[in-house]
Structure formats: C-alpha cells, structure tokens
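Raw my_file-v4.cif, mmCIF, C-alpha atoms and all ligand atoms:
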```
data_work
loop_
_atom_site.label_atom_id
_atom_site.label_comp_id
_atom_site.auth_asym_id
_atom_site.auth_seq_id
_atom_site.Cartn_x
_atom_site.Cartn_y
_atom_site.Cartn_z
CA MET A 165 12.22 18.97 17.21
CA ARG A 166 10.97 22.29 15.88
CA LEU A 167 7.25 21.41 15.64
CA GLN A 168 6.80 19.07 18.61
CA GLY A 169 3.08 18.63 19.40
CA LYS A 170 1.89 20.98 16.66
CA VAL A 171 -1.02 20.01 14.42
CA ALA A 172 -0.52 20.61 10.70
CA VAL A 173 -3.11 20.34 7.94
CA ILE A 174 -1.68 20.07 4.44
CA THR A 175 -4.05 20.08 1.46
CA GLY A 176 -3.21 17.99 -1.60
CA SER A 177 -0.68 16.06 0.46
CA ALA A 178 -1.15 12.50 -0.81
CA GLN A 179 1.85 13.02 -3.10
CA GLY A 180 4.36 15.51 -4.49
CA ILE A 181 5.23 18.75 -2.71
CA GLY A 182 2.40 18.35 -0.18
CA ARG A 183 3.65 14.94 0.89
CA ALA A 184 7.23 16.23 1.20
CA ILE A 185 5.96 19.05 3.45
CA ALA A 186 3.98 16.54 5.55
CA GLU A 187 7.05 14.32 5.99
CA THR A 188 9.29 17.26 6.88
CA PHE A 189 6.81 18.51 9.51
CA ALA A 190 6.36 14.96 10.89
CA ASN A 191 10.13 14.60 11.15
CA GLU A 192 10.04 17.66 13.45
CA GLY A 193 7.36 16.14 15.70
CA ALA A 194 4.13 17.57 14.23
CA ASN A 195 0.92 15.56 14.06
CA ILE A 196 -0.19 15.50 10.46
CA VAL A 197 -3.48 15.74 8.58
CA ILE A 198 -3.16 14.37 5.07
CA SER A 199 -5.99 15.90 3.08
CA ASP A 200 -6.50 15.20 -0.61
CA ILE A 201 -9.22 14.73 -3.21
CA ASN A 202 -7.76 11.24 -3.73
CA ALA A 203 -9.01 9.46 -0.58
CA GLU A 204 -7.21 6.18 -1.16
CA ALA A 205 -3.81 7.80 -1.75
CA ALA A 206 -4.34 10.10 1.25
CA LEU A 207 -5.03 7.15 3.54
CA LYS A 208 -1.93 5.31 2.32
CA THR A 209 0.30 8.37 2.78
CA ALA A 210 -1.09 9.02 6.28
CA GLU A 211 -0.42 5.42 7.31
CA GLU A 212 3.11 5.49 5.91
CA ILE A 213 3.98 8.76 7.67
CA LYS A 214 2.55 7.52 10.99
CA ALA A 215 4.67 4.35 10.75
CA GLN A 216 7.85 6.15 9.71
CA TYR A 217 7.83 9.20 11.99
CA ASN A 218 5.90 7.94 15.02
CA VAL A 219 3.44 10.87 15.06
CA GLU A 220 -0.36 10.94 14.99
CA THR A 221 -1.80 11.22 11.50
CA ILE A 222 -5.27 11.31 10.02
CA SER A 223 -6.32 11.32 6.41
CA SER A 224 -9.35 13.14 5.11
CA ALA A 225 -10.84 13.18 1.65
CA CYS A 226 -11.50 16.80 0.78
CA ASN A 227 -12.04 18.63 -2.48
CA VAL A 228 -10.79 22.11 -1.60
CA ALA A 229 -13.03 23.59 -4.29
CA LYS A 230 -16.06 22.84 -2.06
CA LEU A 231 -16.42 25.07 1.00
CA GLU A 232 -18.57 22.49 2.79
CA GLU A 233 -15.88 19.83 2.41
CA CYS A 234 -13.26 22.22 3.79
CA GLU A 235 -15.48 22.98 6.77
CA ASP A 236 -15.98 19.25 7.35
CA LEU A 237 -12.20 18.70 7.17
CA ILE A 238 -11.54 21.35 9.82
CA LYS A 239 -14.28 19.90 12.05
CA VAL A 240 -12.80 16.40 11.82
CA VAL A 241 -9.36 17.75 12.74
CA LEU A 242 -10.65 19.83 15.66
CA ASP A 243 -12.66 16.85 16.97
CA LYS A 244 -9.48 14.73 16.96
CA PHE A 245 -6.76 17.24 17.98
CA SER A 246 -8.74 20.22 19.46
CA LYS A 247 -6.52 22.69 17.58
CA ILE A 248 -4.87 23.49 14.26
CA ASP A 249 -1.49 25.23 14.42
CA ILE A 250 -0.49 25.16 10.76
CA LEU A 251 -2.50 25.18 7.54
CA THR A 252 -0.57 24.65 4.30
CA ASN A 253 -2.63 25.39 1.19
CA ASN A 254 -0.86 23.19 -1.33
CA ALA A 255 -3.58 21.51 -3.44
CA GLY A 256 -3.35 22.71 -7.02
CA ILE A 257 -4.01 21.69 -10.61
CA THR A 258 -3.06 22.82 -14.12
CA ARG A 259 -5.16 22.87 -17.31
CA ASP A 260 -2.75 24.61 -19.68
CA ASN A 261 -3.54 26.13 -23.04
CA LEU A 262 -3.04 29.30 -25.02
CA VAL A 263 -5.70 31.96 -24.36
CA LEU A 264 -7.32 31.47 -27.73
CA ARG A 265 -7.73 27.73 -27.21
CA MET A 266 -8.52 27.63 -23.50
CA THR A 267 -12.02 26.43 -22.74
CA GLU A 268 -14.25 28.05 -20.17
CA ALA A 269 -14.31 24.71 -18.32
CA ASP A 270 -10.50 24.70 -17.99
CA TRP A 271 -10.51 28.28 -16.77
CA ASP A 272 -13.23 27.52 -14.20
CA ALA A 273 -11.63 24.28 -12.96
CA VAL A 274 -8.29 25.88 -12.15
CA ILE A 275 -9.89 28.93 -10.52
CA ALA A 276 -12.11 26.66 -8.39
CA VAL A 277 -9.22 24.59 -6.98
CA ASN A 278 -6.23 26.94 -6.89
CA LEU A 279 -7.95 30.22 -5.96
CA LYS A 280 -11.31 29.49 -4.35
CA GLY A 281 -9.83 26.40 -2.69
CA VAL A 282 -7.37 28.57 -0.77
CA PHE A 283 -10.15 30.96 0.27
CA ASN A 284 -12.30 28.00 1.38
CA CYS A 285 -9.59 26.50 3.58
CA ILE A 286 -8.54 29.82 5.12
CA LYS A 287 -12.17 30.70 5.84
CA ALA A 288 -12.80 27.29 7.39
CA VAL A 289 -9.72 27.38 9.65
CA SER A 290 -9.84 31.06 10.58
CA LYS A 291 -12.37 30.82 13.41
CA SER A 292 -10.32 28.34 15.44
CA MET A 293 -7.02 30.12 14.76
CA LEU A 294 -8.46 33.55 15.66
CA LYS A 295 -9.83 32.09 18.89
CA ALA A 296 -6.48 30.45 19.69
CA ARG A 297 -4.71 33.75 18.95
CA GLN A 298 -2.01 31.95 17.06
CA GLY A 299 -1.46 30.12 13.81
CA ARG A 300 0.54 29.78 10.64
CA ILE A 301 -0.89 29.75 7.13
CA ILE A 302 1.46 28.84 4.28
CA ASN A 303 0.24 29.20 0.70
CA ILE A 304 2.05 27.38 -2.09
CA VAL A 305 1.95 29.69 -5.09
CA SER A 306 4.26 29.67 -8.14
CA VAL A 307 6.92 31.62 -9.96
CA VAL A 308 4.43 31.98 -12.82
CA GLY A 309 2.16 33.98 -10.52
CA GLN A 310 5.04 36.47 -10.30
CA MET A 311 6.37 36.48 -13.89
CA GLY A 312 3.49 35.12 -16.03
CA ASN A 313 3.80 32.20 -18.45
CA ALA A 314 2.46 31.70 -21.96
CA GLY A 315 -0.09 28.88 -21.94
CA GLN A 316 -1.04 29.31 -18.28
CA ILE A 317 -3.48 32.25 -18.11
CA ASN A 318 -5.71 30.38 -15.66
CA TYR A 319 -2.93 28.95 -13.47
CA SER A 320 -0.85 32.14 -13.33
CA ALA A 321 -3.95 34.20 -12.46
CA THR A 322 -4.71 31.92 -9.51
CA LYS A 323 -1.15 32.01 -8.19
CA GLY A 324 -0.95 35.80 -8.53
CA GLY A 325 -4.34 35.97 -6.82
CA VAL A 326 -3.16 33.86 -3.91
CA ILE A 327 -0.14 36.14 -3.47
CA ALA A 328 -2.60 39.03 -3.04
CA MET A 329 -4.73 36.90 -0.68
CA THR A 330 -1.60 36.11 1.36
CA LYS A 331 -0.90 39.79 1.93
CA THR A 332 -4.55 40.57 2.69
CA CYS A 333 -4.84 37.75 5.24
CA ALA A 334 -1.46 38.68 6.75
CA LYS A 335 -2.88 42.16 7.45
CA GLU A 336 -6.25 40.89 8.62
CA PHE A 337 -4.88 38.27 11.04
CA ALA A 338 -1.68 39.91 12.33
CA SER A 339 -3.28 41.27 15.51
CA ARG A 340 -4.13 37.68 16.51
CA ASN A 341 -0.58 36.44 15.87
CA ILE A 342 -1.58 34.41 12.82
CA LEU A 343 1.25 34.66 10.30
CA VAL A 344 0.44 34.20 6.62
CA ASN A 345 3.19 33.65 4.08
CA ALA A 346 3.60 32.19 0.61
CA ILE A 347 6.23 30.07 -1.10
CA ALA A 348 6.67 30.53 -4.84
CA PRO A 349 8.33 27.42 -6.27
CA GLY A 350 10.02 27.46 -9.65
CA PHE A 351 9.91 24.20 -11.60
CA ILE A 352 9.93 21.27 -9.20
CA ARG A 353 10.23 17.58 -10.13
CA THR A 354 6.76 16.11 -9.31
CA ALA A 355 3.85 14.45 -11.16
CA MET A 356 2.80 17.96 -12.24
CA THR A 357 6.04 18.55 -14.17
CA ASP A 358 6.39 14.90 -15.28
CA LYS A 359 3.82 15.82 -17.93
CA LEU A 360 6.48 17.95 -19.66
CA THR A 361 8.67 16.50 -22.41
CA GLU A 362 12.43 16.03 -21.87
CA GLU A 363 12.99 18.84 -24.36
CA GLN A 364 10.75 21.21 -22.35
CA LYS A 365 12.62 20.28 -19.15
CA GLN A 366 15.99 20.93 -20.84
CA THR A 367 14.79 24.34 -22.05
CA MET A 368 13.58 25.16 -18.55
CA SER A 369 16.84 24.12 -16.91
CA SER A 370 18.78 26.30 -19.33
CA ASN A 371 16.81 29.32 -18.02
CA ILE A 372 17.54 28.52 -14.37
CA PRO A 373 20.80 29.95 -12.95
CA LEU A 374 21.19 26.90 -10.68
CA ALA A 375 20.72 24.81 -13.87
CA ARG A 376 18.35 22.16 -12.53
CA LEU A 377 14.71 21.60 -11.61
CA GLY A 378 14.05 21.82 -7.87
CA GLU A 379 13.03 18.93 -5.60
CA ALA A 380 9.89 18.75 -3.43
CA SER A 381 12.22 18.75 -0.41
CA ASP A 382 13.50 22.22 -1.43
CA ILE A 383 9.95 23.54 -0.95
CA ALA A 384 9.39 21.53 2.23
CA LYS A 385 12.44 23.13 3.88
CA ALA A 386 11.02 26.59 3.16
CA ALA A 387 7.63 25.51 4.55
CA LEU A 388 9.33 24.32 7.75
CA PHE A 389 10.88 27.76 8.14
CA PHE A 390 7.44 29.41 7.91
CA ALA A 391 5.89 26.85 10.26
CA SER A 392 8.59 27.20 12.92
CA GLU A 393 9.56 29.84 15.49
CA ASP A 394 12.41 30.91 13.18
CA SER A 395 9.96 33.03 11.16
CA SER A 396 8.03 34.59 14.05
CA TYR A 397 8.54 38.19 12.81
CA ILE A 398 7.70 37.48 9.16
CA THR A 399 4.23 37.81 7.65
CA GLY A 400 2.87 38.63 4.19
CA HIS A 401 6.11 37.44 2.58
CA VAL A 402 6.48 35.58 -0.72
CA LEU A 403 9.59 33.41 -0.64
CA ALA A 404 10.96 32.45 -4.05
CA VAL A 405 12.36 28.92 -4.16
CA ASN A 406 13.19 28.80 -7.85
CA GLY A 407 16.92 28.31 -8.41
CA GLY A 408 17.18 31.97 -9.40
CA MET A 409 14.93 31.75 -12.47
CA TYR A 410 13.04 34.88 -11.37
CA MET A 411 14.56 37.50 -9.06
N1 LIG B 1 5.66 21.00 -9.45
C1 LIG B 1 5.96 22.26 -9.75
O1 LIG B 1 6.84 22.54 -10.57
C2 LIG B 1 5.25 23.39 -9.06
C3 LIG B 1 5.74 24.68 -9.28
C4 LIG B 1 5.11 25.75 -8.68
C5 LIG B 1 4.04 25.54 -7.85
N2 LIG B 1 3.58 24.28 -7.64
C6 LIG B 1 2.43 24.13 -6.77
O2 LIG B 1 2.71 23.20 -5.75
C7 LIG B 1 1.51 22.54 -5.34
C8 LIG B 1 1.70 21.04 -5.36
O3 LIG B 1 2.06 20.65 -6.67
P1 LIG B 1 2.72 19.24 -7.03
O4 LIG B 1 3.72 19.50 -8.07
O5 LIG B 1 3.10 18.50 -5.80
O6 LIG B 1 1.47 18.55 -7.76
P2 LIG B 1 0.91 17.05 -7.73
O7 LIG B 1 -0.01 16.98 -8.90
O8 LIG B 1 2.02 16.07 -7.62
O9 LIG B 1 0.07 17.01 -6.37
C9 LIG B 1 -1.10 17.75 -6.20
C10 LIG B 1 -1.98 17.04 -5.20
O10 LIG B 1 -3.17 17.83 -5.04
C11 LIG B 1 -4.29 16.95 -5.07
N3 LIG B 1 -5.47 17.69 -5.53
C12 LIG B 1 -5.78 18.02 -6.81
N4 LIG B 1 -6.97 18.65 -6.84
C13 LIG B 1 -7.42 18.72 -5.56
C14 LIG B 1 -8.58 19.24 -4.96
N5 LIG B 1 -9.55 19.80 -5.68
N6 LIG B 1 -8.71 19.14 -3.61
C15 LIG B 1 -7.75 18.55 -2.87
N7 LIG B 1 -6.64 18.02 -3.39
C16 LIG B 1 -6.47 18.10 -4.73
C17 LIG B 1 -3.89 15.83 -6.00
O11 LIG B 1 -4.69 14.67 -5.79
C18 LIG B 1 -2.42 15.65 -5.65
O12 LIG B 1 -2.26 14.73 -4.59
C19 LIG B 1 0.42 23.06 -6.29
O13 LIG B 1 -0.30 24.11 -5.69
C20 LIG B 1 1.21 23.58 -7.47
O14 LIG B 1 0.51 24.56 -8.18
C21 LIG B 1 4.16 23.20 -8.23
#
```

Could the structure of this file be written out as structure tokens, please?
Ligand SMILES: NC(=O)c1ccc[n+]([C@@H]2O[C@H](COP(=O)([O-])OP(=O)(O)OC[C@H]3O[C@@H](n4cnc5c(N)ncnc54)[C@H](O)[C@@H]3O)[C@@H](O)[C@H]2O)c1
Amino acid sequence: MRLQGKVAVITGSAQGIGRAIAETFANEGANIVISDINAEAALKTAEEIKAQYNVETISSACNVAKLEECEDLIKVVLDKFSKIDILTNNAGITRDNLVLRMTEADWDAVIAVNLKGVFNCIKAVSKSMLKARQGRIINIVSVVGQMGNAGQINYSATKGGVIAMTKTCAKEFASRNILVNAIAPGFIRTAMTDKLTEEQKQTMSSNIPLARLGEASDIAKAALFFASEDSSYITGHVLAVNGGMYM
C-alpha cells in the first residue's frame, strides 16, 4: 500500500480520468475526496469507491471556478480528516472552435474552469500544506498545452498556463517539501473524447506512435507515481503520457 492513510482530494472526479485516479489512490489505501460540479454523480462515485476499496470517502459539490467553493471544499475536508496530503487538479472542460468563430463566452468559460480553477484550488489548499510542511499537487494538463491544436485556442492556453503555474508553485513551495508536478495526457478515451467522430479518432490514432488512444488508467498510474514516495526528488516536472504523439 503506497498511500496508506493519506488524504487525497481530486477535482472533477465523478467520472473519467479523475475517477480513475481516485480508484487508483484508494486501491493504495488513501482516503478519497470526490469533488465535482455534478453533486449527484460525485456522491455515487464516492459511495462506490468506499464500498469497493474499504477506505473513507467523502463527496463534495464544488465548482472549481469559484474560489469560495474551493475554500469551502478544503474546509470540509480538513474538518473531516484534519489534513490534505494530495491535491489533484483534474477538473476541466472544452468549448472548441476556430479563433474566428470562438465566442467570448466560450473563451471565458474555459479560462474560468481550467486555469482559474487550478489557481483557486491551489490557493485554498496551500495554507494547510505549508503548515504541514509536506504535500503533493498534481495538475492534469494536456499535450495540446505543449504543442497547440487548431480549434482549441482557449483550452490550449489554459493547459500551457497550468504548466507555467506548476513550475511557479514548485519553486514557491519547494522549501516546505510540497512537490508540484503536471501530467500531460495525449488523447484518452473518456466522455471528453467521446464527442469526437470515429473518423477524427482514426486520424488521431494514425498520428500516435503507439497507434491507440490512451486509457484513464494510463493517467492514473502516472498520478500514483507523483503521489507516492517514488517521486520524492521530482518537482516542477511535466510528464507526457501520450503514446509518443509529442516528444
Ligand atoms: N480525455 C482526454 O483526452 C484528455 C486529454 C488531455 C487532458 N485531459 C484533461 O483531463 C482532465 C479530465 O478529463 P476527462 O477526459 O476525464 O473529462 P470528463 O469530461 O470525463 O470529466 C471531467 C469532470 O470534471 C467535472 N467538471 C467540469 N467542470 C467542473 C467544474 N467547474 N468544477 C468541478 N468539476 C467540474 C465534470 O463534471 C466531470 O466529472 C481534464 O482536465 C482534461 O482537460 C483529458
């Protein structure tokens, strides 16, 4: 058990990559906070993980775009567990369009969740982690934050921004033994990529050296590495989990 007794908060964890990370951490003995804007789904996921892995779980409805809600989330967790060892910033959305057609509302929505949401959660958790003189922060970014992608000016800007935030926080928190790293997934099979047509998925796979989309579990295994003692001398790193599509 690599995370026995640890407390892990995962945003956007009712489904998809966040849920896979929550299950992987629970399987290693961590107590889990399922936080999501979808309260009903979060509650269901928390109950299922508690039953399956025999760990403590709580669910909390939280829109990461709202600082107050992030502060409330952290308070609820500290009241219950008295500490937070691991924060995984996973909540994210897309509102894709070409620059010319993208609305201001779509730009603002993605910035609010994917960029400000990460700032909000890190700010909210930082006090308790700094006091504890230990912690792990794992930011889920994207290959498109590294290489760009036509039709995703808003999304790629947020993911590139979070890579910069990862390095900044890694420097700011290192003296208190809080390690901050990012995982940059390629194309992973989840609800987010289910929106794509079969043709788009085929085209994508043909550009991936490992010739397939990734699974949520591929990302969860990388998150476990950053949450565990195995990565205790690594901070400010961006780990590509993309089947080789960008090197
Ligand atoms: N699927 C991919 O191919 C892929 C690739 C690269 C990066 N990512 C990133 O991985 C993360 C998870 O993506 P996924 O594919 O599992 O997506 P998903 O849509 O399956 O899950 C996202 C979850 O976030 C929640 N969420 C949305 N807005 C929220 C908000 N404002 N506050 C709190 N929760 C909110 C949703 O309710 C949902 O449960 C995202 O940050 C995404 O950008 C995904």

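For the choices A:Ala190, A:Leu251, A:Ala229, A:Val219, the atom-to-atom distance to ligand LIG 1 (chain B) is smallest for A:Ala229 when using all atoms listed in the file.
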
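Closest approach to ligand LIG 1 (chain B) from the set A:Glu268, A:Glu363, A:Asp200, A:Asp260 is made by A:Asp200, with distances taken over only C-alpha atoms and all ligand atoms.
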
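With distances restricted to all atoms listed in the file, A:Arg183 is the closest residue to ligand LIG 1 (chain B) from A:Arg183, A:Lys170, A:Arg265, A:Arg340.
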
*Would you kindly return, as a list in words, each protein, DNA or RNA residue with an atom no farther than 12 Å from any atom of A:Glu204, considering only C-alpha atoms and excluding same-chain residues fewer than 6 positions away?*
Ser177, Ala178, Gln179, Ile198, Ala210, Glu211, Ser223, Ser224, Ala225 and Cys226 of chain A

Protein and nucleic acid residues within 7 Å of ligand LIG 1 (chain B) (only C-alpha atoms and all ligand atoms) as a PDB file with C-alpha atoms, in the coordinates of the input:
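And here's selection_33.pdb as it stands now:
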```pdb
ATOM      1  CA  THR A 175      -4.050  20.080   1.460  1.00  0.00           C
ATOM      2  CA  GLY A 176      -3.210  17.990  -1.600  1.00  0.00           C
ATOM      3  CA  SER A 177      -0.680  16.060   0.460  1.00  0.00           C
ATOM      4  CA  ALA A 178      -1.150  12.500  -0.810  1.00  0.00           C
ATOM      5  CA  GLN A 179       1.850  13.020  -3.100  1.00  0.00           C
ATOM      6  CA  GLY A 180       4.360  15.510  -4.490  1.00  0.00           C
ATOM      7  CA  ILE A 181       5.230  18.750  -2.710  1.00  0.00           C
ATOM      8  CA  GLY A 182       2.400  18.350  -0.180  1.00  0.00           C
ATOM      9  CA  SER A 199      -5.990  15.900   3.080  1.00  0.00           C
ATOM     10  CA  ASP A 200      -6.500  15.200  -0.610  1.00  0.00           C
ATOM     11  CA  ILE A 201      -9.220  14.730  -3.210  1.00  0.00           C
ATOM     12  CA  ASN A 202      -7.760  11.240  -3.730  1.00  0.00           C
ATOM     13  CA  CYS A 226     -11.500  16.800   0.780  1.00  0.00           C
ATOM     14  CA  ASN A 227     -12.040  18.630  -2.480  1.00  0.00           C
ATOM     15  CA  VAL A 228     -10.790  22.110  -1.600  1.00  0.00           C
ATOM     16  CA  ALA A 229     -13.030  23.590  -4.290  1.00  0.00           C
ATOM     17  CA  ASN A 254      -0.860  23.190  -1.330  1.00  0.00           C
ATOM     18  CA  ALA A 255      -3.580  21.510  -3.440  1.00  0.00           C
ATOM     19  CA  GLY A 256      -3.350  22.710  -7.020  1.00  0.00           C
ATOM     20  CA  ILE A 257      -4.010  21.690 -10.610  1.00  0.00           C
ATOM     21  CA  VAL A 277      -9.220  24.590  -6.980  1.00  0.00           C
ATOM     22  CA  ASN A 278      -6.230  26.940  -6.890  1.00  0.00           C
ATOM     23  CA  ILE A 304       2.050  27.380  -2.090  1.00  0.00           C
ATOM     24  CA  VAL A 305       1.950  29.690  -5.090  1.00  0.00           C
ATOM     25  CA  SER A 306       4.260  29.670  -8.140  1.00  0.00           C
ATOM     26  CA  VAL A 307       6.920  31.620  -9.960  1.00  0.00           C
ATOM     27  CA  ALA A 348       6.670  30.530  -4.840  1.00  0.00           C
ATOM     28  CA  PRO A 349       8.330  27.420  -6.270  1.00  0.00           C
ATOM     29  CA  GLY A 350      10.020  27.460  -9.650  1.00  0.00           C
ATOM     30  CA  PHE A 351       9.910  24.200 -11.600  1.00  0.00           C
ATOM     31  CA  ILE A 352       9.930  21.270  -9.200  1.00  0.00           C
ATOM     32  CA  ARG A 353      10.230  17.580 -10.130  1.00  0.00           C
ATOM     33  CA  THR A 354       6.760  16.110  -9.310  1.00  0.00           C
ATOM     34  CA  ALA A 355       3.850  14.450 -11.160  1.00  0.00           C
ATOM     35  CA  MET A 356       2.800  17.960 -12.240  1.00  0.00           C
ATOM     36  CA  THR A 357       6.040  18.550 -14.170  1.00  0.00           C
TER      37      THR A 357
END
```

*asked:* List as a count of residues only the protein and nucleic acid residues near A:Ile342, meaning an atom at most 12 Å away when all atoms listed in the file are counted, but skip any in the same chain fewer than 2 places from it.
replied: 38

*Hey, can you check how far atom CA of A:Ala380 sits from atom CA of A:Glu220?*
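Between atom CA of A:Ala380 and atom CA of A:Glu220 the gap is 22.5 Å.
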
_For a quick check of understanding, using all atoms listed in the file, which of A:Val171, A:Val402, A:Asp394, A:Asp382 has the smallest distance to A:Gly309?_
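Ranking A:Val171, A:Val402, A:Asp394, A:Asp382 by distance to A:Gly309, first place goes to A:Val402.
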
*For atom CA of A:Ala184 and atom CA of A:Lys365, quote the distance in Å rounded to one decimal.*
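Rounded to one decimal, the two atoms are 21.4 Å apart.
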
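Here the question is which of A:Ala314, A:Ile222, A:Lys230, A:Phe283 gets nearest to A:Val263 using all atoms listed in the file, and that residue is A:Ala314.
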
*Hey, which of A:Asn406, A:Asn261, A:Thr221, A:Asn253 ends up closest to A:Ser320? Count only C-alpha atoms.*
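For A:Ser320, the nearest of the candidates is A:Asn261.
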
*How far is it from atom CA of A:Ile213 to atom CA of A:Glu233, in Å with one decimal?*
23.3 Å

*Name the residues in contact with A:Trp271 at a cut-off of 10 Å, using only C-alpha atoms, excluding same-chain residues fewer than 4 positions from it; report them as a VMD selection string.*
chain A and resid 258 to 261 263 266 to 267 275 to 276 316 to 319 321 to 322

*asked:* Applying 7 Å and only C-alpha atoms, which residues near A:Gly193 remain after dropping the ones on its own chain fewer than 6 positions away? List them as a list of chain:residue names.
replied: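 The filter keeps A:Met165, A:Leu167, A:Gln168, A:Gly169, A:Val219.
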
Report, as lines of an AutoDock Vina configuration file, the axis-aligned box around all atoms of stretch 381-397 of chain A present in the file, extended by 6 Å on each side; give centre and edge lengths in Å to one decimal place.
```
center_x = 9.7
center_y = 28.5
center_z = 7.0
size_x = 19.6
size_y = 31.4
size_z = 28.9
```
